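Shown below: start01.txt, with compact mmCIF, C-alpha atoms and all ligand atoms.
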```txt
# COMPACT_ATOMS: atom_id res chain seq x y z
CA MET E 1 -28.07 -5.89 6.27
CA TYR E 2 -24.68 -4.76 7.54
CA GLU E 3 -26.31 -1.92 9.46
CA ILE E 4 -23.68 -1.83 12.19
CA GLU E 5 -20.72 -2.38 9.87
CA ARG E 6 -22.02 0.38 7.58
CA ARG E 7 -22.54 2.86 10.41
CA VAL E 8 -19.14 2.18 11.99
CA ALA E 9 -17.29 2.29 8.64
CA VAL E 10 -18.91 5.62 7.72
CA GLU E 11 -18.07 7.08 11.15
CA ALA E 12 -14.44 5.93 10.84
CA VAL E 13 -13.99 7.29 7.31
CA LEU E 14 -15.58 10.65 8.21
CA LYS E 15 -13.18 11.04 11.13
CA ALA E 16 -10.22 10.28 8.87
CA CYS E 17 -11.51 12.73 6.24
CA SER E 18 -11.57 15.51 8.85
CA LEU E 19 -7.97 14.76 9.77
CA CYS E 20 -6.85 14.68 6.12
CA ALA E 21 -8.58 17.96 5.27
CA ALA E 22 -7.02 19.62 8.35
CA VAL E 23 -3.54 18.40 7.44
CA GLN E 24 -4.00 19.59 3.88
CA SER E 25 -5.19 23.06 4.87
CA ALA E 26 -2.33 23.44 7.38
CA HIS E 27 0.08 22.77 4.49
CA LEU E 28 1.60 19.99 6.50
CA SER E 29 2.27 18.13 3.37
CA ALA E 30 5.77 19.49 4.03
CA GLY E 31 6.31 16.63 6.47
CA VAL E 32 6.49 14.20 3.57
CA ILE E 33 8.86 11.29 3.45
CA ASN E 34 9.43 8.67 0.81
CA LYS E 35 8.73 5.00 1.33
CA GLU E 36 10.98 2.20 0.11
CA ASP E 37 9.15 2.10 -3.21
CA ARG E 38 9.80 5.88 -3.36
CA SER E 39 6.09 6.71 -3.11
CA PRO E 40 5.37 9.60 -0.72
CA VAL E 41 3.68 9.22 2.66
CA THR E 42 2.42 12.04 4.89
CA VAL E 43 1.15 12.83 8.39
CA ALA E 44 -2.33 12.21 7.05
CA ASP E 45 -1.66 8.68 5.68
CA PHE E 46 -0.47 7.50 9.11
CA GLY E 47 -3.03 9.55 11.04
CA ALA E 48 -5.98 8.32 8.97
CA GLN E 49 -4.92 4.68 9.29
CA ALA E 50 -4.52 5.04 13.09
CA LEU E 51 -7.97 6.63 13.51
CA ILE E 52 -9.82 4.13 11.33
CA SER E 53 -8.00 1.15 12.79
CA GLU E 54 -8.90 2.31 16.30
CA VAL E 55 -12.62 2.67 15.49
CA LEU E 56 -12.67 -0.77 13.82
CA ALA E 57 -10.78 -2.42 16.70
CA ALA E 58 -13.24 -0.97 19.22
CA ASN E 59 -16.25 -2.30 17.31
CA PHE E 60 -14.93 -5.45 15.63
CA PRO E 61 -11.94 -6.56 17.71
CA HIS E 62 -11.61 -9.93 15.95
CA VAL E 63 -11.84 -8.77 12.35
CA PRO E 64 -8.34 -8.33 10.82
CA LEU E 65 -7.34 -5.22 8.88
CA VAL E 66 -5.30 -5.15 5.68
CA GLY E 67 -4.05 -1.58 5.42
CA GLU E 68 -1.53 0.14 3.21
CA GLU E 69 0.67 1.68 5.92
CA ASP E 70 2.75 0.39 8.83
CA SER E 71 4.61 2.25 11.57
CA ALA E 72 8.20 1.32 10.57
CA LEU E 73 9.05 4.74 9.16
CA LEU E 74 7.57 6.54 12.17
CA ARG E 75 9.81 4.52 14.49
CA ASP E 76 12.89 5.73 12.62
CA THR E 77 14.60 8.43 14.72
CA ASP E 78 15.19 10.47 11.53
CA ASN E 79 11.42 11.00 11.28
CA GLU E 80 10.74 12.33 14.76
CA ARG E 81 9.03 15.50 13.57
CA LEU E 82 6.65 13.52 11.40
CA LYS E 83 5.92 11.16 14.31
CA ASP E 84 5.12 14.10 16.64
CA LEU E 85 2.76 15.59 14.07
CA VAL E 86 0.99 12.26 13.64
CA ILE E 87 0.57 11.91 17.42
CA GLY E 88 -0.79 15.47 17.69
CA TYR E 89 -3.34 15.04 14.91
CA VAL E 90 -4.51 11.59 16.02
CA HIS E 91 -4.98 12.86 19.57
CA ARG E 92 -7.02 15.80 18.28
CA TYR E 93 -9.52 13.56 16.46
CA SER E 94 -9.43 10.64 18.89
CA PRO E 95 -8.65 12.02 22.36
CA GLY E 96 -8.42 8.52 23.84
CA LEU E 97 -5.53 7.73 21.53
CA GLY E 98 -2.57 9.85 22.58
CA LYS E 99 0.32 7.58 23.40
CA GLU E 100 2.95 6.78 20.82
CA THR E 101 2.85 3.03 21.50
CA GLU E 102 -0.94 2.91 21.13
CA ILE E 103 -0.81 4.79 17.87
CA PHE E 104 1.89 2.50 16.47
CA LYS E 105 -0.18 -0.48 17.55
CA ALA E 106 -3.30 0.90 15.86
CA ILE E 107 -1.39 1.51 12.62
CA ASP E 108 0.20 -1.94 12.71
CA ARG E 109 -3.14 -3.71 13.11
CA GLY E 110 -3.22 -3.09 9.36
CA LYS E 111 -0.60 -5.75 8.72
CA GLY E 112 -3.25 -8.40 8.02
CA GLU E 113 -2.49 -10.72 5.13
CA GLY E 114 -5.98 -11.12 3.68
CA SER E 115 -7.34 -14.40 2.30
CA GLY E 116 -10.36 -16.06 0.71
CA ARG E 117 -11.65 -17.22 4.10
CA GLY E 118 -13.57 -15.35 6.78
CA ARG E 119 -13.94 -11.58 6.92
CA PHE E 120 -11.44 -8.74 6.99
CA TRP E 121 -11.32 -5.01 6.36
CA THR E 122 -9.08 -3.42 3.79
CA LEU E 123 -8.04 0.22 3.98
CA ASP E 124 -6.23 2.79 1.91
CA PRO E 125 -6.01 5.67 4.42
CA ILE E 126 -5.14 8.09 1.62
CA ASP E 127 -5.48 6.75 -1.86
CA GLY E 128 -3.81 9.15 -4.28
CA THR E 129 -1.23 10.62 -1.90
CA LYS E 130 0.37 12.33 -4.89
CA GLY E 131 -2.96 14.03 -5.65
CA PHE E 132 -3.30 14.99 -1.98
CA LEU E 133 0.12 16.67 -2.14
CA ARG E 134 -0.75 18.52 -5.35
CA GLY E 135 -4.02 19.76 -3.82
CA ASP E 136 -5.98 17.53 -6.24
CA GLN E 137 -8.28 14.58 -5.62
CA TYR E 138 -7.68 11.83 -3.06
CA ALA E 139 -9.84 9.31 -1.23
CA VAL E 140 -10.10 7.53 2.10
CA ALA E 141 -11.19 4.03 1.06
CA LEU E 142 -12.42 1.27 3.38
CA ALA E 143 -14.04 -2.04 2.42
CA LEU E 144 -15.22 -5.24 4.06
CA ILE E 145 -14.31 -8.52 2.36
CA GLU E 146 -15.98 -11.82 3.25
CA GLU E 147 -15.10 -15.21 1.76
CA GLY E 148 -13.27 -13.32 -0.99
CA GLN E 149 -16.27 -11.11 -1.85
CA VAL E 150 -16.47 -7.35 -1.22
CA THR E 151 -19.67 -6.79 0.76
CA LEU E 152 -19.36 -3.16 1.91
CA GLY E 153 -17.43 -0.15 0.63
CA VAL E 154 -17.11 3.37 2.02
CA MET E 155 -15.13 6.05 0.24
CA GLY E 156 -14.62 9.58 1.53
CA CYS E 157 -13.56 12.20 -1.03
CA PRO E 158 -12.85 15.45 0.87
CA SER E 159 -11.90 17.47 -2.24
CA LEU E 160 -14.72 16.31 -4.51
CA PRO E 161 -17.64 18.69 -5.13
CA PHE E 162 -20.92 17.05 -4.14
CA HIS E 163 -22.79 17.02 -7.47
CA SER E 164 -20.24 17.58 -10.22
CA LEU E 165 -16.64 18.59 -10.89
CA GLN E 166 -17.97 21.82 -12.45
CA GLU E 167 -19.04 23.16 -9.04
CA LYS E 168 -16.76 25.64 -7.33
CA ASP E 169 -17.19 24.37 -3.77
CA PRO E 170 -15.16 21.26 -3.00
CA LEU E 171 -17.42 20.46 -0.05
CA GLY E 172 -16.54 16.83 -0.03
CA CYS E 173 -18.54 13.74 -0.72
CA LEU E 174 -18.85 10.23 0.69
CA PHE E 175 -19.94 7.12 -1.24
CA VAL E 176 -21.28 4.03 0.49
CA ALA E 177 -22.34 0.70 -0.99
CA VAL E 178 -23.60 -2.55 0.53
CA LYS E 179 -23.80 -5.74 -1.57
CA GLY E 180 -27.27 -6.03 -3.05
CA GLU E 181 -28.46 -2.71 -1.59
CA GLY E 182 -27.18 -0.09 -4.03
CA THR E 183 -24.81 2.86 -3.78
CA TYR E 184 -25.56 6.08 -1.92
CA THR E 185 -23.83 9.46 -1.74
CA ARG E 186 -23.84 12.00 1.08
CA GLY E 187 -21.95 15.15 1.97
CA LEU E 188 -19.22 14.94 4.62
CA ASP E 189 -21.22 17.22 6.93
CA ASN E 190 -24.72 16.20 5.83
CA PRO E 191 -26.05 12.72 6.59
CA ALA E 192 -28.86 12.86 3.98
CA GLU E 193 -28.14 10.10 1.45
CA MET E 194 -28.93 10.14 -2.24
CA LYS E 195 -29.25 7.05 -4.44
CA THR E 196 -26.43 6.97 -6.95
CA LEU E 197 -26.59 5.49 -10.46
CA VAL E 198 -24.15 5.08 -13.33
CA SER E 199 -24.71 6.85 -16.65
CA SER E 200 -27.05 5.34 -19.25
CA LEU E 201 -24.80 6.30 -22.14
CA SER E 202 -24.34 3.63 -24.79
CA ASP E 203 -22.48 5.59 -27.45
CA PRO E 204 -18.73 5.49 -26.77
CA ALA E 205 -18.22 8.65 -28.85
CA GLU E 206 -19.83 10.69 -26.03
CA ALA E 207 -18.22 8.80 -23.15
CA LEU E 208 -15.92 10.36 -20.56
CA PHE E 209 -12.94 8.06 -19.97
CA CYS E 210 -10.96 8.38 -16.73
CA GLU E 211 -7.37 7.32 -16.14
CA SER E 212 -4.56 7.84 -13.62
CA PHE E 213 -2.83 11.20 -13.49
CA GLU E 214 0.48 9.36 -13.04
CA PRO E 215 1.63 7.83 -16.35
CA SER E 216 3.54 5.12 -14.46
CA HIS E 217 0.28 3.77 -12.94
CA SER E 218 -1.59 3.28 -16.23
CA SER E 219 -0.48 3.53 -19.84
CA HIS E 220 -1.67 6.85 -21.26
CA ASP E 221 -0.50 5.79 -24.75
CA GLN E 222 -2.62 2.64 -24.82
CA VAL E 223 -5.67 4.51 -23.54
CA ALA E 224 -5.18 7.11 -26.29
CA ARG E 225 -5.18 4.33 -28.92
CA ILE E 226 -8.33 2.80 -27.45
CA LEU E 227 -10.12 6.15 -27.50
CA GLU E 228 -9.12 6.67 -31.10
CA SER E 229 -10.35 3.24 -32.10
CA LEU E 230 -13.71 3.83 -30.36
CA GLY E 231 -14.09 7.31 -31.86
CA VAL E 232 -14.31 8.95 -28.43
CA LYS E 233 -14.67 12.73 -28.79
CA ARG E 234 -13.89 13.88 -25.24
CA ARG E 235 -10.35 14.00 -23.90
CA PRO E 236 -9.71 11.51 -21.09
CA LEU E 237 -9.94 12.85 -17.56
CA ARG E 238 -6.71 12.29 -15.64
CA MET E 239 -7.24 12.05 -11.93
CA ASP E 240 -5.66 10.46 -8.88
CA SER E 241 -7.20 7.85 -6.61
CA GLN E 242 -10.44 5.87 -6.44
CA VAL E 243 -12.39 9.09 -6.89
CA LYS E 244 -12.45 7.87 -10.52
CA TYR E 245 -14.73 5.01 -9.40
CA GLY E 246 -16.91 7.57 -7.62
CA LEU E 247 -17.26 9.62 -10.81
CA LEU E 248 -18.41 6.49 -12.67
CA ALA E 249 -20.84 5.53 -9.92
CA ARG E 250 -22.57 8.91 -10.12
CA GLY E 251 -22.70 8.91 -13.93
CA GLU E 252 -20.24 11.75 -14.42
CA GLY E 253 -17.55 9.47 -15.85
CA THR E 254 -18.40 6.54 -18.11
CA VAL E 255 -15.29 4.34 -18.22
CA TYR E 256 -12.20 3.99 -15.99
CA LEU E 257 -9.23 2.23 -17.55
CA ARG E 258 -6.08 1.13 -15.75
CA LEU E 259 -3.71 -0.52 -18.18
CA PRO E 260 -0.48 -1.89 -16.68
CA THR E 261 2.76 -0.19 -17.62
CA ARG E 262 4.66 -3.32 -16.61
CA LYS E 263 3.42 -6.89 -16.64
CA SER E 264 4.67 -7.85 -13.20
CA TYR E 265 2.69 -5.17 -11.26
CA GLU E 266 0.03 -6.60 -8.96
CA GLU E 267 -2.76 -4.19 -8.05
CA LYS E 268 -3.26 -3.72 -4.30
CA ILE E 269 -6.64 -4.82 -2.90
CA TRP E 270 -7.10 -1.53 -0.98
CA ASP E 271 -6.80 0.43 -4.24
CA HIS E 272 -9.92 -1.22 -5.69
CA ALA E 273 -12.18 -2.96 -3.14
CA ALA E 274 -14.27 0.05 -2.07
CA GLY E 275 -14.29 1.59 -5.56
CA MET E 276 -15.39 -1.65 -7.20
CA ILE E 277 -18.47 -2.23 -5.04
CA ILE E 278 -19.43 1.45 -5.28
CA VAL E 279 -19.50 1.19 -9.10
CA GLU E 280 -21.16 -2.24 -9.22
CA GLU E 281 -23.92 -1.33 -6.79
CA ALA E 282 -24.58 1.82 -8.83
CA GLY E 283 -25.24 -0.43 -11.85
CA GLY E 284 -21.78 -0.60 -13.43
CA ARG E 285 -19.29 -3.40 -14.08
CA VAL E 286 -15.69 -3.89 -12.97
CA THR E 287 -13.32 -6.55 -14.34
CA ASP E 288 -9.67 -6.81 -15.26
CA LEU E 289 -8.59 -6.11 -18.82
CA HIS E 290 -9.28 -9.72 -19.84
CA GLY E 291 -12.85 -9.48 -18.54
CA ARG E 292 -12.15 -11.56 -15.41
CA PRO E 293 -13.84 -10.63 -12.11
CA LEU E 294 -11.44 -9.07 -9.57
CA ASP E 295 -10.26 -11.80 -7.21
CA PHE E 296 -9.96 -10.53 -3.63
CA SER E 297 -9.08 -13.93 -2.19
CA ARG E 298 -5.36 -13.89 -2.99
CA GLY E 299 -4.00 -11.85 -0.08
CA ARG E 300 -2.85 -8.24 -0.24
CA THR E 301 -2.81 -8.02 -4.04
CA LEU E 302 -5.07 -8.88 -6.98
CA ALA E 303 -2.50 -11.47 -8.05
CA ALA E 304 -4.90 -13.25 -10.42
CA ASN E 305 -5.80 -10.09 -12.36
CA GLN E 306 -4.19 -7.72 -14.80
CA GLY E 307 -5.26 -4.09 -15.08
CA ILE E 308 -8.74 -2.72 -14.39
CA VAL E 309 -11.72 -1.96 -16.63
CA ALA E 310 -14.68 -0.25 -14.98
CA THR E 311 -17.67 0.92 -16.99
CA ASN E 312 -21.33 1.86 -16.71
CA GLY E 313 -22.06 -1.73 -17.80
CA LEU E 314 -23.52 -0.84 -21.20
CA LEU E 315 -20.09 -0.14 -22.68
CA HIS E 316 -18.23 -2.97 -21.00
CA LYS E 317 -18.19 -5.55 -23.79
CA ARG E 318 -17.30 -3.00 -26.44
CA VAL E 319 -14.41 -1.62 -24.36
CA LEU E 320 -13.03 -5.09 -23.58
CA GLU E 321 -13.12 -5.99 -27.29
CA THR E 322 -11.28 -2.82 -28.20
CA ILE E 323 -8.64 -3.47 -25.56
CA ARG E 324 -8.18 -6.95 -26.96
CA GLN E 325 -7.65 -5.56 -30.43
CA VAL E 326 -5.55 -2.50 -29.60
CA VAL E 327 -3.49 -3.52 -26.58
CA ASN E 328 -2.82 -7.15 -27.37
CA LYS E 329 -1.85 -6.29 -30.93
CA ASN E 330 0.83 -3.97 -29.61
CA GLN E 331 2.31 -6.29 -27.01
P1 LIG W 401 -3.99 6.36 -9.04
O1 LIG W 401 -4.09 7.58 -8.21
O2 LIG W 401 -5.30 5.90 -9.62
O3 LIG W 401 -2.92 6.46 -10.07
O4 LIG W 401 -3.62 5.16 -8.06
C1 LIG W 401 -2.83 5.33 -6.95
C2 LIG W 401 -2.34 3.97 -6.55
O5 LIG W 401 -1.51 3.44 -7.56
C3 LIG W 401 -1.47 3.97 -5.32
O6 LIG W 401 -2.25 3.79 -4.16
C4 LIG W 401 -0.52 2.79 -5.54
O7 LIG W 401 -0.86 1.68 -4.71
C5 LIG W 401 -0.78 2.38 -6.99
N1 LIG W 401 0.43 2.15 -7.78
C6 LIG W 401 1.73 2.36 -7.47
N2 LIG W 401 2.55 1.97 -8.47
C7 LIG W 401 1.76 1.50 -9.45
C8 LIG W 401 2.01 0.93 -10.75
N3 LIG W 401 3.24 0.80 -11.24
N4 LIG W 401 0.94 0.56 -11.49
C9 LIG W 401 -0.31 0.70 -11.03
N5 LIG W 401 -0.61 1.22 -9.80
C10 LIG W 401 0.40 1.61 -9.03
MG MG W 402 -3.69 3.75 -2.93
```

Show this structure as C-alpha cells.
Ligand code: AMP
Ligand code: MG
Amino acid sequence: MYEIERRVAVEAVLKACSLCAAVQSAHLSAGVINKEDRSPVTVADFGAQALISEVLAANFPHVPLVGEEDSALLRDTDNERLKDLVIGYVHRYSPGLGKETEIFKAIDRGKGEGSGRGRFWTLDPIDGTKGFLRGDQYAVALALIEEGQVTLGVMGCPSLPFHSLQEKDPLGCLFVAVKGEGTYTRGLDNPAEMKTLVSSLSDPAEALFCESFEPSHSSHDQVARILESLGVKRRPLRMDSQVKYGLLARGEGTVYLRLPTRKSYEEKIWDHAAGMIIVEEAGGRVTDLHGRPLDFSRGRTLAANQGIVATNGLLHKRVLETIRQVVNKNQ
C-alpha cells in the first residue's frame, strides 16, 4: 500500500537532504535569522520546504501541507541576501522553480491547518536547526496523516552514519515507515533498503536514554532523576531533532524522553509524526508522558498531549510508572 506516496515522499526528502547538506558544507549557516519565537531559521529551512512542497504539489495537488515555515521573513526587505540564497539553491535542485513568487507560493502551501478529517502532509524541513548550525544532527521529516492517523513517515538524516554513531563516515541515512508494513532504512545515495527493528533490551540498567540537546526543550533534571530511579548505568545521549526516534527504531537507543519544561507548551505535529511511525513500525511504542496515544487530529499541535515517551516497547510500562512517581511527585 501507499506505493506512490512512499516513492514520492522519499524522492522529495532526498532532494531536500541534498540541498541541506550543500548549504551546510558551504557554511551558509551564516545567513541565519531569528524567527519571532527567537528560534533560528536558515537558507536550508526555506529551501527544503520549497523543494518538498513543490514535489508534493506536482503529485498530490489536492492534499494540504502543514509545514513549519512560511515566507513572511523572506519577503522582508531586510532579508534580501537570505532570499537570494534561497532562490539560488532551490533553482539548483529544482530547475523548474526559479521565480521568487513561485518559491514563496511553494513555501506558503505549508500553511495548512491540519485536522482529524481527510488526509494531509506534515513537514519539518529541518528539524533541529540548532543542531544543523552546530554541525550536529538534524532531520528532514515528512509524514502523511489520514483521519488523524499517521500512515507514512519518511525521515532523512544527512549527518547520521548508516549503521551506528560509532562510525566515522556520516554518509547519511533515510528511514521510511508505512502503517502495518514495518520500518526500513537506506543510505541517501543507495536505494537498497534494510528492515529496521528496535532493541530487545528489557533491563533498564543497560538502556541508552536519549533527550534533547537543548535544556529548554526537555527537562534534563527530571530525566536525570528518572535514570537514577531506574538504575540506568549509561549517561543519557543528548541530541537534536527526530534523529532520536531513528536511533530507537534501529535499536541503538532504547528510550527517548521529552519532558516539558513548561506546562503550556504544545508539541508541534511535524516534530513527531514521522518519528513516531518510524519507531512504532520498528516494534516500539510512543505515547505522551501520561501513556496517552499522540493525537494528530487537533490541528498544528499535539494539544491533547503532554511530553513524549518513546521506547522499544518492552520498557514502556516501567518508564511510564517511573515518570509518574518521579515527575509528578516533584510538580
Ligand atoms: P529537539 O531538537 O529534539 O530539541 O527538538 C527541536 C524542536 O523543539 C523544534 O523543532 C521546536 O519545534 C521544538 N521546541 C521549541 N521550543 C520548545 C519547547 N519549549 N519545548 C519543547 N519543544 C520545543
Ligand atoms: Mg522541528

Problem - Near-ligand residues for ligand MG 402 (chain W), threshold 12 Å, all atoms listed in the file, as a PyMOL selection string - result: chain E and resi 39-41+45+67-69+122-132+138-142+212+217+240-243+267-275+301

Practice task
May I ask which of the residues E:Lys244, E:Val286, E:Gly156, E:Gly47 is the closest one to Tyr93 of chain E, counting only C-alpha atoms?
Solution key: E:Gly47

Quick one: axis-aligned box around all listed atoms of ligand LIG 401 (chain W), 3 Å on every side, centre and edge lengths in Å to one decimal, written as lines of an AutoDock Vina configuration file.
```
center_x = -1.0
center_y = 4.1
center_z = -7.8
size_x = 14.5
size_y = 13.0
size_z = 13.3
```

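Reported to one decimal place, the separation of atom CA of Ser202 of chain E from atom CA of Met239 of chain E is 23.0 Å.
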
Exercise for the section: Could you give me, as a VMD selection string, the residues within 12 Å of Pro61 of chain E, counting all atoms listed in the file and dropping anything in the same chain fewer than 6 positions from it? Expected result: chain E and resid 53 to 55 106 109 120 to 121

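Between atom CA of Gly253 of chain E and atom CA of Lys15 of chain E there is a distance of 27.4 Å.
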
Practice task
For Val319 of chain E, please output as a VMD selection string all residues within 12 Å (counting all atoms listed in the file; exclusion window: fewer than 6 positions along the same chain).
Solution key: chain E and resid 202 to 205 207 209 223 225 to 232 254 to 257 285 to 291 308 to 313 325 to 327
